[in-house]
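These notes concern the structure reproduced below.
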Protein chains: 2
Amino acid sequence: MNTEERLRNFKEICRKVGLKITHQRLEIFKELLNSHDHPTVEKLYHRLQPKLPTISIDTVYRTLTTLEKHDLIVRVETEESQARFEGRMEEHHHAICKKCGGITDFYWEFPDEASLPAEILNWGQLVKKSLTLHGICEQCIQEE
Amino acid sequence: MNTEERLRNFKEICRKVGLKITHQRLEIFKELLNSHDHPTVEKLYHRLQPKLPTISIDTVYRTLTTLEKHDLIVRVETEESQARFEGRMEEHHHAICKKCGGITDFYWEFPDEASLPAEILNWGQLVKKSLTLHGICEQCIQEE
DNA sequence: TTCTAAGATAGGAATGGTTCTTATTGGCAG
DNA sequence: CTGCCAATAAGAACCATTCCTATCTTAGAA
């Protein structure tokens with residue numbers, strides 16, 4: 001799905017579940033679609049200032065939580081205390097740099113569910129499999 | 001490594017890096033070794049009350065951060081705001097239940113590093129590969 | 001063993017990220 | 001166009017985590 005399709009989908013989902021399509025929701029969603037660095041709420045808030053100078057940070061929090069609930073965006077799993085979000089919805093994976101905290105996306109096809117241990121296949125209902133690589137990115141290695 | 005070996009290793013590492021072996025550090029480490037539910041700081045704090053009735057929660061935070069820095073324990077990556085820790089050090093993976101938040105450990109041999117996309121193999125220096133499964137555990141399915 | 005210096009802790013205050021409260025605004029169905 | 005109800009802004013409140021500092025403990029020296 002490209003940006004336009006994502007926006008159409010966004011509006012459709014909102015209509016379907018009874019969410020009003022407000023200026024703020026639309027701008028927050030669009031801003032996240034254009035952000036490929038898995039921004040924190042604070043970062044998004046600042047990026048939105050030019051378009052929405054009076055928006056409150058609470059609205060950003062509330063909206064992201066709402067969008068997440070309806071599977072329009074994803075909350076990224078990290079060890080940090082600050083929440084980070086992304087707009088990319090295709091199943092993909094992350095490489096996280098221990099040094100700078102940067103997150104890089106990558107695609108990788110999961111080998112075969114049967115390669116998982118039996119105990120986990122019986123664990124429950126699997127929804128998502130995400131591989132996270134930890135290490136130090138090339139740029140941080142150079143800077144050492 | 002069994003518990004006894006882990007404790008010996010703990011003391012050795014402390015000596016090596018100049019950390020004093022305090023009663024609190026030892027008890028916090030032992031408590032985490034005995035906990036298999038990836039407890040939050042708050043939970044550990046309460047479990048330690050019987051043995052260390054006057055311990056402050058700051059000490060638990062500080063100690064866990066210190067132990068993590070020296071690779072004696074691991075901070076678990078979740079979407080939650082509260083930090084969770086574990087004492088298991090063998091490389092393993094997690095299945096997280098969306099409903100109850102429970103985390104189940106499992107072992108799984110990573111197929112082959114060459115199966116990762118080239119872009120990631122050149123990303124930097126990889127330290128750890130962790131697979132996280134998301135879904136709903138059997139118990140929560142039953143309860144629905 | 002005793003002494004001492006440096007490091008560690010307890011307790012409370014402070015901080016920072018996130019959520020709640022409330023008055024006001026604005027989307028949208030009729 | 002109008003009214004209802006959801007959504008927002010602003011600031012207060014909340015909660016997890018960290019800081020401050022006086023006191024205590026550990027580990028090494030005497």
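By order in the structure tokens, chains are A, B, ...; within a chain, residues start at 1; ligands start at 1, following the order shown.
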Hey, could you make a per-residue contact list for chain D against chain B with 9 Å as the cut-off, showing the nearest pair of atoms and its distance in Å to one decimal, counting only C-alpha atoms (C1' of nucleotides), sorted by chain and number, as a Markdown table?
| residue | atom | partner | partner_atom | distance |
| --- | --- | --- | --- | --- |
| D:DA16 | C1' | B:Gln82 | CA | 6.8 |
| D:DT17 | C1' | B:Tyr61 | CA | 7.9 |
| D:DT18 | C1' | B:Asp58 | CA | 7.9 |
| D:DT25 | C1' | B:Thr22 | CA | 7.9 |
| D:DT26 | C1' | B:Lys20 | CA | 6.3 |
| D:DA27 | C1' | B:Lys20 | CA | 7.9 |
Mind fitting chain B onto chain A over all Cα atoms in sequence order and sending the result as a short mmCIF file (atom, residue, chain, number, x, y, z; two decimals) with N, CA and C atoms, in the first residue's frame?
data_model
loop_
_atom_site.label_atom_id
_atom_site.label_comp_id
_atom_site.auth_asym_id
_atom_site.auth_seq_id
_atom_site.Cartn_x
_atom_site.Cartn_y
_atom_site.Cartn_z
N MET B 1 0.87 -1.16 -0.04
CA MET B 1 0.02 0.05 -0.01
C MET B 1 0.88 1.31 -0.02
N ASN B 2 0.59 2.22 -0.94
CA ASN B 2 1.32 3.49 -0.92
C ASN B 2 0.61 4.48 0.01
N THR B 3 1.18 5.65 0.10
CA THR B 3 0.65 6.64 1.05
C THR B 3 -0.83 6.94 0.81
N GLU B 4 -1.16 7.11 -0.46
CA GLU B 4 -2.55 7.45 -0.78
C GLU B 4 -3.51 6.34 -0.36
N GLU B 5 -3.10 5.11 -0.65
CA GLU B 5 -3.95 3.97 -0.26
C GLU B 5 -4.05 3.87 1.26
N ARG B 6 -2.94 4.14 1.94
CA ARG B 6 -2.95 4.08 3.40
C ARG B 6 -3.93 5.10 3.96
N LEU B 7 -3.95 6.28 3.33
CA LEU B 7 -4.86 7.33 3.81
C LEU B 7 -6.31 6.94 3.57
N ARG B 8 -6.55 6.34 2.41
CA ARG B 8 -7.91 5.91 2.12
C ARG B 8 -8.32 4.83 3.13
N ASN B 9 -7.41 3.90 3.34
CA ASN B 9 -7.66 2.84 4.32
C ASN B 9 -7.90 3.42 5.72
N PHE B 10 -7.10 4.40 6.08
CA PHE B 10 -7.25 5.07 7.38
C PHE B 10 -8.67 5.61 7.56
N LYS B 11 -9.13 6.32 6.52
CA LYS B 11 -10.47 6.92 6.61
C LYS B 11 -11.56 5.85 6.65
N GLU B 12 -11.34 4.81 5.90
CA GLU B 12 -12.33 3.74 5.87
C GLU B 12 -12.45 3.07 7.24
N ILE B 13 -11.28 2.76 7.82
CA ILE B 13 -11.27 2.13 9.14
C ILE B 13 -11.95 3.04 10.16
N CYS B 14 -11.61 4.32 10.12
CA CYS B 14 -12.20 5.26 11.06
C CYS B 14 -13.72 5.24 10.94
N ARG B 15 -14.21 5.31 9.72
CA ARG B 15 -15.65 5.31 9.51
C ARG B 15 -16.25 4.01 10.07
N LYS B 16 -15.57 2.92 9.75
CA LYS B 16 -16.08 1.62 10.16
C LYS B 16 -16.21 1.47 11.68
N VAL B 17 -15.18 1.97 12.40
CA VAL B 17 -15.21 1.78 13.85
C VAL B 17 -15.74 3.01 14.60
N GLY B 18 -16.20 4.01 13.85
CA GLY B 18 -16.82 5.16 14.49
C GLY B 18 -15.87 6.19 15.06
N LEU B 19 -14.67 6.29 14.46
CA LEU B 19 -13.73 7.32 14.89
C LEU B 19 -13.90 8.54 14.00
N LYS B 20 -13.97 9.70 14.59
CA LYS B 20 -14.10 10.91 13.77
C LYS B 20 -12.77 11.24 13.12
N ILE B 21 -12.87 11.67 11.86
CA ILE B 21 -11.64 12.00 11.14
C ILE B 21 -11.30 13.45 11.41
N THR B 22 -10.51 13.65 12.45
CA THR B 22 -10.15 15.02 12.82
C THR B 22 -8.86 15.41 12.13
N HIS B 23 -8.68 16.72 12.05
CA HIS B 23 -7.47 17.28 11.46
C HIS B 23 -6.24 16.70 12.16
N GLN B 24 -6.29 16.67 13.51
CA GLN B 24 -5.15 16.16 14.28
C GLN B 24 -4.84 14.70 13.95
N ARG B 25 -5.87 13.87 13.93
CA ARG B 25 -5.64 12.45 13.65
C ARG B 25 -5.00 12.25 12.29
N LEU B 26 -5.51 13.00 11.33
CA LEU B 26 -5.00 12.87 9.97
C LEU B 26 -3.54 13.30 9.89
N GLU B 27 -3.23 14.42 10.52
CA GLU B 27 -1.86 14.93 10.45
C GLU B 27 -0.88 14.03 11.20
N ILE B 28 -1.30 13.52 12.34
CA ILE B 28 -0.42 12.63 13.10
C ILE B 28 -0.15 11.36 12.29
N PHE B 29 -1.19 10.83 11.71
CA PHE B 29 -1.02 9.62 10.90
C PHE B 29 -0.10 9.89 9.71
N LYS B 30 -0.33 10.98 9.01
CA LYS B 30 0.51 11.30 7.85
C LYS B 30 1.96 11.52 8.26
N GLU B 31 2.14 12.21 9.38
CA GLU B 31 3.51 12.48 9.82
C GLU B 31 4.25 11.17 10.11
N LEU B 32 3.54 10.22 10.73
CA LEU B 32 4.19 8.95 11.03
C LEU B 32 4.47 8.16 9.75
N LEU B 33 3.58 8.27 8.77
CA LEU B 33 3.82 7.61 7.49
C LEU B 33 5.10 8.12 6.84
N ASN B 34 5.36 9.40 7.04
CA ASN B 34 6.55 10.00 6.43
C ASN B 34 7.81 9.84 7.27
N SER B 35 7.65 9.32 8.49
CA SER B 35 8.81 9.17 9.37
C SER B 35 9.32 7.74 9.28
N HIS B 36 10.59 7.58 9.00
CA HIS B 36 11.11 6.23 8.90
C HIS B 36 12.13 5.94 9.99
N ASP B 37 12.11 6.78 11.03
CA ASP B 37 13.09 6.60 12.11
C ASP B 37 12.45 6.15 13.42
N HIS B 38 11.23 5.62 13.34
CA HIS B 38 10.58 5.11 14.55
C HIS B 38 10.59 6.14 15.66
N PRO B 39 9.96 7.28 15.42
CA PRO B 39 10.06 8.40 16.35
C PRO B 39 9.37 8.17 17.69
N THR B 40 9.84 8.90 18.69
CA THR B 40 9.17 8.93 19.99
C THR B 40 8.00 9.91 19.87
N VAL B 41 7.15 9.93 20.87
CA VAL B 41 6.01 10.84 20.88
C VAL B 41 6.51 12.29 20.85
N GLU B 42 7.52 12.53 21.65
CA GLU B 42 8.10 13.87 21.73
C GLU B 42 8.57 14.37 20.35
N LYS B 43 9.24 13.49 19.62
CA LYS B 43 9.74 13.85 18.30
C LYS B 43 8.59 14.16 17.34
N LEU B 44 7.61 13.30 17.33
CA LEU B 44 6.45 13.52 16.46
C LEU B 44 5.79 14.85 16.81
N TYR B 45 5.65 15.09 18.09
CA TYR B 45 5.03 16.31 18.58
C TYR B 45 5.74 17.54 18.00
N HIS B 46 7.05 17.51 18.02
CA HIS B 46 7.80 18.65 17.49
C HIS B 46 7.67 18.76 15.98
N ARG B 47 7.65 17.62 15.32
CA ARG B 47 7.51 17.65 13.86
C ARG B 47 6.14 18.17 13.44
N LEU B 48 5.17 18.03 14.33
CA LEU B 48 3.81 18.45 13.99
C LEU B 48 3.57 19.94 14.26
N GLN B 49 4.46 20.53 15.02
CA GLN B 49 4.29 21.94 15.41
C GLN B 49 4.00 22.87 14.24
N PRO B 50 4.76 22.78 13.14
CA PRO B 50 4.50 23.70 12.02
C PRO B 50 3.06 23.61 11.51
N LYS B 51 2.56 22.40 11.38
CA LYS B 51 1.21 22.24 10.85
C LYS B 51 0.13 22.44 11.90
N LEU B 52 0.43 22.03 13.14
CA LEU B 52 -0.57 22.10 14.22
C LEU B 52 0.06 22.79 15.42
N PRO B 53 0.22 24.10 15.35
CA PRO B 53 0.97 24.80 16.40
C PRO B 53 0.34 24.70 17.79
N THR B 54 -0.94 24.43 17.87
CA THR B 54 -1.56 24.40 19.20
C THR B 54 -1.86 23.00 19.70
N ILE B 55 -1.39 21.99 18.99
CA ILE B 55 -1.69 20.62 19.40
C ILE B 55 -1.06 20.34 20.77
N SER B 56 -1.73 19.54 21.56
CA SER B 56 -1.16 19.19 22.86
C SER B 56 -0.52 17.81 22.75
N ILE B 57 0.47 17.58 23.59
CA ILE B 57 1.19 16.31 23.51
C ILE B 57 0.27 15.16 23.91
N ASP B 58 -0.71 15.47 24.72
CA ASP B 58 -1.68 14.45 25.12
C ASP B 58 -2.42 13.93 23.90
N THR B 59 -2.73 14.81 22.99
CA THR B 59 -3.43 14.39 21.77
C THR B 59 -2.57 13.44 20.95
N VAL B 60 -1.28 13.71 20.91
CA VAL B 60 -0.40 12.82 20.17
C VAL B 60 -0.39 11.44 20.84
N TYR B 61 -0.24 11.41 22.15
CA TYR B 61 -0.28 10.14 22.87
C TYR B 61 -1.60 9.42 22.63
N ARG B 62 -2.70 10.14 22.82
CA ARG B 62 -4.01 9.54 22.73
C ARG B 62 -4.26 9.00 21.33
N THR B 63 -3.89 9.81 20.35
CA THR B 63 -4.12 9.41 18.96
C THR B 63 -3.29 8.20 18.57
N LEU B 64 -2.04 8.18 18.97
CA LEU B 64 -1.18 7.05 18.62
C LEU B 64 -1.73 5.77 19.26
N THR B 65 -2.17 5.87 20.50
CA THR B 65 -2.74 4.70 21.17
C THR B 65 -3.99 4.23 20.44
N THR B 66 -4.81 5.18 20.01
CA THR B 66 -6.03 4.83 19.28
C THR B 66 -5.70 4.16 17.94
N LEU B 67 -4.77 4.75 17.21
CA LEU B 67 -4.41 4.19 15.91
C LEU B 67 -3.81 2.80 16.07
N GLU B 68 -3.04 2.63 17.13
CA GLU B 68 -2.44 1.33 17.38
C GLU B 68 -3.51 0.28 17.64
N LYS B 69 -4.51 0.67 18.40
CA LYS B 69 -5.58 -0.27 18.76
C LYS B 69 -6.30 -0.79 17.51
N HIS B 70 -6.35 0.05 16.49
CA HIS B 70 -7.05 -0.36 15.27
C HIS B 70 -6.08 -0.84 14.18
N ASP B 71 -4.87 -1.18 14.62
CA ASP B 71 -3.87 -1.74 13.71
C ASP B 71 -3.56 -0.84 12.52
N LEU B 72 -3.54 0.45 12.77
CA LEU B 72 -3.17 1.38 11.70
C LEU B 72 -1.70 1.74 11.80
N ILE B 73 -1.15 1.58 12.97
CA ILE B 73 0.27 1.83 13.21
C ILE B 73 0.77 0.78 14.21
N VAL B 74 2.07 0.80 14.47
CA VAL B 74 2.66 -0.19 15.37
C VAL B 74 3.52 0.47 16.44
N ARG B 75 3.39 -0.02 17.65
CA ARG B 75 4.25 0.41 18.74
C ARG B 75 5.48 -0.48 18.72
N VAL B 76 6.65 0.11 18.68
CA VAL B 76 7.87 -0.68 18.55
C VAL B 76 8.37 -1.14 19.92
N GLU B 77 8.80 -2.37 19.95
CA GLU B 77 9.29 -3.00 21.17
C GLU B 77 10.77 -2.66 21.39
N THR B 78 11.07 -1.94 22.44
CA THR B 78 12.47 -1.63 22.73
C THR B 78 12.73 -1.77 24.22
N GLU B 79 13.99 -1.57 24.60
CA GLU B 79 14.33 -1.62 26.02
C GLU B 79 14.24 -0.23 26.63
N GLU B 80 14.03 0.78 25.79
CA GLU B 80 13.97 2.16 26.27
C GLU B 80 12.70 2.41 27.06
N SER B 81 12.69 3.54 27.77
CA SER B 81 11.50 3.88 28.53
C SER B 81 10.51 4.66 27.66
N GLN B 82 11.03 5.39 26.67
CA GLN B 82 10.12 6.15 25.81
C GLN B 82 9.54 5.28 24.71
N ALA B 83 8.24 5.42 24.50
CA ALA B 83 7.57 4.64 23.46
C ALA B 83 7.97 5.15 22.07
N ARG B 84 8.10 4.23 21.13
CA ARG B 84 8.42 4.60 19.75
C ARG B 84 7.40 3.93 18.82
N PHE B 85 7.09 4.62 17.74
CA PHE B 85 6.06 4.13 16.83
C PHE B 85 6.56 4.08 15.40
N GLU B 86 5.84 3.31 14.57
CA GLU B 86 6.16 3.29 13.15
C GLU B 86 4.87 3.11 12.35
N GLY B 87 4.92 3.58 11.11
CA GLY B 87 3.74 3.50 10.27
C GLY B 87 3.78 2.33 9.32
N ARG B 88 4.95 1.71 9.18
CA ARG B 88 5.08 0.60 8.25
C ARG B 88 4.32 -0.62 8.79
N MET B 89 3.46 -1.17 8.00
CA MET B 89 2.61 -2.26 8.49
C MET B 89 2.97 -3.63 7.94
N GLU B 90 3.75 -3.70 6.87
CA GLU B 90 4.14 -5.01 6.36
C GLU B 90 5.00 -5.68 7.45
N GLU B 91 4.86 -6.98 7.64
CA GLU B 91 5.65 -7.65 8.67
C GLU B 91 7.14 -7.51 8.31
N HIS B 92 7.88 -6.93 9.22
CA HIS B 92 9.31 -6.75 8.99
C HIS B 92 10.02 -6.84 10.33
N HIS B 93 11.33 -6.65 10.32
CA HIS B 93 12.10 -6.84 11.54
C HIS B 93 13.01 -5.65 11.81
N HIS B 94 13.66 -5.67 12.97
CA HIS B 94 14.46 -4.51 13.37
C HIS B 94 15.88 -4.88 13.79
N ALA B 95 16.80 -4.00 13.46
CA ALA B 95 18.15 -4.10 14.01
C ALA B 95 18.35 -2.85 14.84
N ILE B 96 18.70 -3.03 16.12
CA ILE B 96 18.82 -1.89 17.03
C ILE B 96 20.28 -1.71 17.45
N CYS B 97 20.75 -0.48 17.32
CA CYS B 97 22.14 -0.19 17.71
C CYS B 97 22.19 0.15 19.19
N LYS B 98 23.02 -0.59 19.92
CA LYS B 98 23.19 -0.39 21.37
C LYS B 98 23.75 0.99 21.67
N LYS B 99 24.51 1.53 20.73
CA LYS B 99 25.22 2.78 20.96
C LYS B 99 24.31 3.99 20.75
N CYS B 100 23.79 4.14 19.52
CA CYS B 100 23.02 5.33 19.20
C CYS B 100 21.52 5.12 19.33
N GLY B 101 21.11 3.88 19.53
CA GLY B 101 19.68 3.63 19.68
C GLY B 101 18.91 3.60 18.37
N GLY B 102 19.60 3.78 17.27
CA GLY B 102 18.94 3.78 15.98
C GLY B 102 18.31 2.44 15.64
N ILE B 103 17.17 2.48 14.94
CA ILE B 103 16.48 1.25 14.55
C ILE B 103 16.41 1.17 13.04
N THR B 104 16.91 0.07 12.49
CA THR B 104 16.88 -0.14 11.05
C THR B 104 15.91 -1.26 10.72
N ASP B 105 15.03 -1.01 9.76
CA ASP B 105 14.08 -2.04 9.34
C ASP B 105 14.73 -2.99 8.34
N PHE B 106 14.27 -4.23 8.34
CA PHE B 106 14.66 -5.13 7.25
C PHE B 106 13.60 -6.21 7.06
N TYR B 107 13.57 -6.73 5.87
CA TYR B 107 12.62 -7.80 5.57
C TYR B 107 13.35 -9.12 5.65
N TRP B 108 12.66 -10.13 6.09
CA TRP B 108 13.28 -11.45 6.23
C TRP B 108 12.14 -12.45 6.34
N GLU B 109 12.21 -13.42 5.49
CA GLU B 109 11.13 -14.39 5.52
C GLU B 109 11.39 -15.42 6.60
N PHE B 110 10.44 -15.59 7.48
CA PHE B 110 10.62 -16.55 8.57
C PHE B 110 10.70 -17.95 7.98
N PRO B 111 11.73 -18.73 8.39
CA PRO B 111 12.02 -20.01 7.74
C PRO B 111 10.81 -20.94 7.62
N ASP B 112 10.29 -21.36 8.74
CA ASP B 112 9.20 -22.32 8.69
C ASP B 112 8.73 -22.49 10.11
N GLU B 113 7.46 -22.34 10.30
CA GLU B 113 6.93 -22.38 11.66
C GLU B 113 7.24 -23.71 12.35
N ALA B 114 7.37 -24.76 11.53
CA ALA B 114 7.64 -26.08 12.10
C ALA B 114 9.01 -26.16 12.75
N SER B 115 9.87 -25.20 12.43
CA SER B 115 11.21 -25.24 13.04
C SER B 115 11.18 -24.74 14.48
N LEU B 116 10.06 -24.16 14.88
CA LEU B 116 9.94 -23.73 16.28
C LEU B 116 9.72 -24.95 17.16
N PRO B 117 10.16 -24.86 18.42
CA PRO B 117 9.97 -26.01 19.31
C PRO B 117 8.49 -26.29 19.54
N ALA B 118 8.17 -27.56 19.73
CA ALA B 118 6.78 -28.00 19.89
C ALA B 118 6.08 -27.26 21.02
N GLU B 119 6.80 -27.03 22.13
CA GLU B 119 6.20 -26.35 23.28
C GLU B 119 5.59 -25.00 22.88
N ILE B 120 6.23 -24.34 21.92
CA ILE B 120 5.76 -23.02 21.51
C ILE B 120 4.60 -23.13 20.51
N LEU B 121 4.63 -24.16 19.71
CA LEU B 121 3.53 -24.35 18.77
C LEU B 121 2.23 -24.62 19.53
N ASN B 122 2.37 -25.14 20.75
CA ASN B 122 1.20 -25.40 21.58
C ASN B 122 0.95 -24.27 22.60
N TRP B 123 1.77 -23.25 22.54
CA TRP B 123 1.70 -22.17 23.53
C TRP B 123 0.38 -21.40 23.47
N GLY B 124 -0.14 -21.24 22.26
CA GLY B 124 -1.37 -20.47 22.08
C GLY B 124 -1.52 -20.07 20.62
N GLN B 125 -2.13 -18.92 20.41
CA GLN B 125 -2.36 -18.48 19.05
C GLN B 125 -1.35 -17.42 18.66
N LEU B 126 -0.48 -17.75 17.72
CA LEU B 126 0.55 -16.80 17.32
C LEU B 126 0.00 -15.76 16.36
N VAL B 127 0.40 -14.51 16.57
CA VAL B 127 -0.08 -13.43 15.72
C VAL B 127 1.06 -12.83 14.91
N LYS B 128 2.21 -12.72 15.54
CA LYS B 128 3.33 -12.05 14.88
C LYS B 128 4.64 -12.65 15.35
N LYS B 129 5.58 -12.76 14.45
CA LYS B 129 6.91 -13.24 14.80
C LYS B 129 7.90 -12.14 14.46
N SER B 130 8.55 -11.58 15.44
CA SER B 130 9.49 -10.51 15.11
C SER B 130 10.89 -10.81 15.60
N LEU B 131 11.81 -10.65 14.68
CA LEU B 131 13.21 -10.90 14.97
C LEU B 131 13.88 -9.55 15.23
N THR B 132 14.57 -9.44 16.34
CA THR B 132 15.26 -8.19 16.63
C THR B 132 16.75 -8.47 16.77
N LEU B 133 17.53 -7.76 16.00
CA LEU B 133 18.98 -7.92 16.07
C LEU B 133 19.55 -6.79 16.91
N HIS B 134 20.48 -7.15 17.78
CA HIS B 134 21.12 -6.14 18.61
C HIS B 134 22.59 -6.10 18.27
N GLY B 135 23.15 -4.93 18.27
CA GLY B 135 24.56 -4.83 17.99
C GLY B 135 24.97 -3.38 17.89
N ILE B 136 26.03 -3.13 17.16
CA ILE B 136 26.51 -1.77 16.97
C ILE B 136 26.56 -1.49 15.48
N CYS B 137 25.91 -0.43 15.06
CA CYS B 137 25.85 -0.13 13.64
C CYS B 137 27.20 0.37 13.12
N GLU B 138 27.36 0.23 11.83
CA GLU B 138 28.64 0.56 11.19
C GLU B 138 29.10 1.98 11.54
N GLN B 139 28.17 2.91 11.51
CA GLN B 139 28.53 4.30 11.78
C GLN B 139 29.11 4.48 13.19
N CYS B 140 28.48 3.81 14.16
CA CYS B 140 28.98 3.93 15.53
C CYS B 140 30.34 3.24 15.69
N ILE B 141 30.55 2.16 14.93
CA ILE B 141 31.85 1.49 14.97
C ILE B 141 32.94 2.46 14.47
N GLN B 142 32.63 3.12 13.38
CA GLN B 142 33.58 4.09 12.79
C GLN B 142 33.96 5.17 13.80
N GLU B 143 32.96 5.63 14.54
CA GLU B 143 33.16 6.78 15.44
C GLU B 143 33.94 6.43 16.70
N GLU B 144 34.16 5.15 16.93
CA GLU B 144 34.81 4.76 18.19
C GLU B 144 36.30 5.09 18.21
#
Which neighbours of DA13 of chain D fall inside 12 Å, counting only C-alpha atoms (C1' of nucleotides), when residues of the same chain fewer than 6 positions from it are skipped, and could you give them as a CSV table (one decimal) with all heavy atoms, in the first residue's frame?
chain,number,residue,atom,x,y,z
C,18,DT,P,6.5,8.1,26.9
C,18,DT,OP1,6.6,6.7,26.5
C,18,DT,OP2,6.5,9.2,25.9
C,18,DT,O5',5.1,8.2,27.7
C,18,DT,C5',4.9,7.2,28.8
C,18,DT,C4',3.6,7.6,29.5
C,18,DT,O4',3.7,8.8,30.2
C,18,DT,C3',2.4,7.7,28.6
C,18,DT,O3',1.5,6.6,29.0
C,18,DT,C2',1.8,9.1,28.8
C,18,DT,C1',2.4,9.4,30.2
C,18,DT,N1,2.6,10.8,30.5
C,18,DT,C2,2.0,11.4,31.6
C,18,DT,O2,1.3,10.7,32.3
C,18,DT,N3,2.3,12.7,31.8
C,18,DT,C4,3.0,13.5,31.1
C,18,DT,O4,3.2,14.7,31.4
C,18,DT,C5,3.7,12.9,29.9
C,18,DT,C7,4.5,13.7,29.0
C,18,DT,C6,3.4,11.6,29.7
C,19,DT,P,0.0,6.5,28.3
C,19,DT,OP1,-0.3,5.0,28.4
C,19,DT,OP2,0.0,7.2,27.1
C,19,DT,O5',-0.9,7.2,29.4
C,19,DT,C5',-0.9,6.7,30.7
C,19,DT,C4',-1.8,7.6,31.6
C,19,DT,O4',-1.4,8.9,31.7
C,19,DT,C3',-3.3,7.6,31.0
C,19,DT,O3',-4.1,7.4,32.1
C,19,DT,C2',-3.4,9.1,30.5
C,19,DT,C1',-2.5,9.8,31.5
C,19,DT,N1,-1.8,11.1,31.0
C,19,DT,C2,-1.9,12.2,31.8
C,19,DT,O2,-2.5,12.1,32.9
C,19,DT,N3,-1.3,13.3,31.4
C,19,DT,C4,-0.6,13.4,30.2
C,19,DT,O4,-0.1,14.5,29.9
C,19,DT,C5,-0.6,12.3,29.4
C,19,DT,C7,0.2,12.3,28.0
C,19,DT,C6,-1.2,11.2,29.8
C,20,DC,P,-5.7,7.3,31.9
C,20,DC,OP1,-6.2,6.1,32.6
C,20,DC,OP2,-6.0,7.5,30.5
C,20,DC,O5',-6.2,8.6,32.8
C,20,DC,C5',-5.7,8.8,34.1
C,20,DC,C4',-6.2,10.1,34.6
C,20,DC,O4',-5.5,11.2,34.0
C,20,DC,C3',-7.7,10.4,34.4
C,20,DC,O3',-8.2,10.8,35.6
C,20,DC,C2',-7.7,11.4,33.3
C,20,DC,C1',-6.4,12.1,33.5
C,20,DC,N1,-5.7,12.8,32.4
C,20,DC,C2,-5.4,14.1,32.4
C,20,DC,O2,-5.6,14.8,33.4
C,20,DC,N3,-4.8,14.7,31.3
C,20,DC,C4,-4.5,13.9,30.3
C,20,DC,N4,-3.9,14.5,29.2
C,20,DC,C5,-4.9,12.5,30.2
C,20,DC,C6,-5.5,12.0,31.3
C,21,DT,P,-9.8,11.1,35.8
C,21,DT,OP1,-10.2,10.7,37.1
C,21,DT,OP2,-10.5,10.5,34.6
C,21,DT,O5',-10.0,12.7,35.7
C,21,DT,C5',-9.0,13.5,36.4
C,21,DT,C4',-9.5,14.9,36.3
C,21,DT,O4',-8.8,15.5,35.2
C,21,DT,C3',-11.0,15.2,36.1
C,21,DT,O3',-11.4,16.3,36.8
C,21,DT,C2',-11.1,15.4,34.6
C,21,DT,C1',-9.7,16.1,34.3
C,21,DT,N1,-9.2,15.9,32.9
C,21,DT,C2,-8.5,16.9,32.3
C,21,DT,O2,-8.4,18.0,32.8
C,21,DT,N3,-8.0,16.6,31.1
C,21,DT,C4,-8.0,15.4,30.4
C,21,DT,O4,-7.5,15.3,29.3
C,21,DT,C5,-8.7,14.4,31.1
C,21,DT,C7,-8.8,13.0,30.5
C,21,DT,C6,-9.2,14.6,32.3
Item to complete: Mind listing the alpha helix (DSSP H) residues of chain A, per DSSP on the backbone, as a VMD selection string?
Response: chain A and resid 3 to 17 23 to 34 41 to 48 57 to 69 118 to 121 138 to 143
One decimal place gives the atom C1' of DA9 of chain D-atom C1' of DG17 of chain C separation as 18.4 Å
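Secondary structure from DSSP on the backbone puts strand (DSSP E) at the following positions of chain A: Val74, Arg75, Val76, Arg84, Phe85, Glu86, His93, His94, Ala95, Ile96, Cys97, Ile103, Thr104, Asp105, Phe106, Gly124, Gln125, Leu126, Val127, Lys128, Lys129, Ser130, Leu131, Thr132, Leu133, His134, Gly135, Ile136 and Cys137 of chain A.
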Where does chain C meet chain B within 8 Å, residue by residue, with the nearest atom pair and distance in Å to one decimal for each, counting only C-alpha atoms (C1' of nucleotides), listed by chain and rising number, as a tab-separated table?
residue	atom	partner	partner_atom	distance
C:DG7	C1'	B:Lys20	CA	7.4
C:DA8	C1'	B:Thr22	CA	7.9
C:DT9	C1'	B:Thr59	CA	6.9
C:DA10	C1'	B:Ser56	CA	5.8
C:DG11	C1'	B:Ser56	CA	7.5
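Here atom C1' of DC4 of chain D and atom C1' of DG27 of chain C stand 10.6 Å from one another.
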re atom C1' of DA12 of chain D and atom C1' of DA13 of chain C: distance 19.1 Å
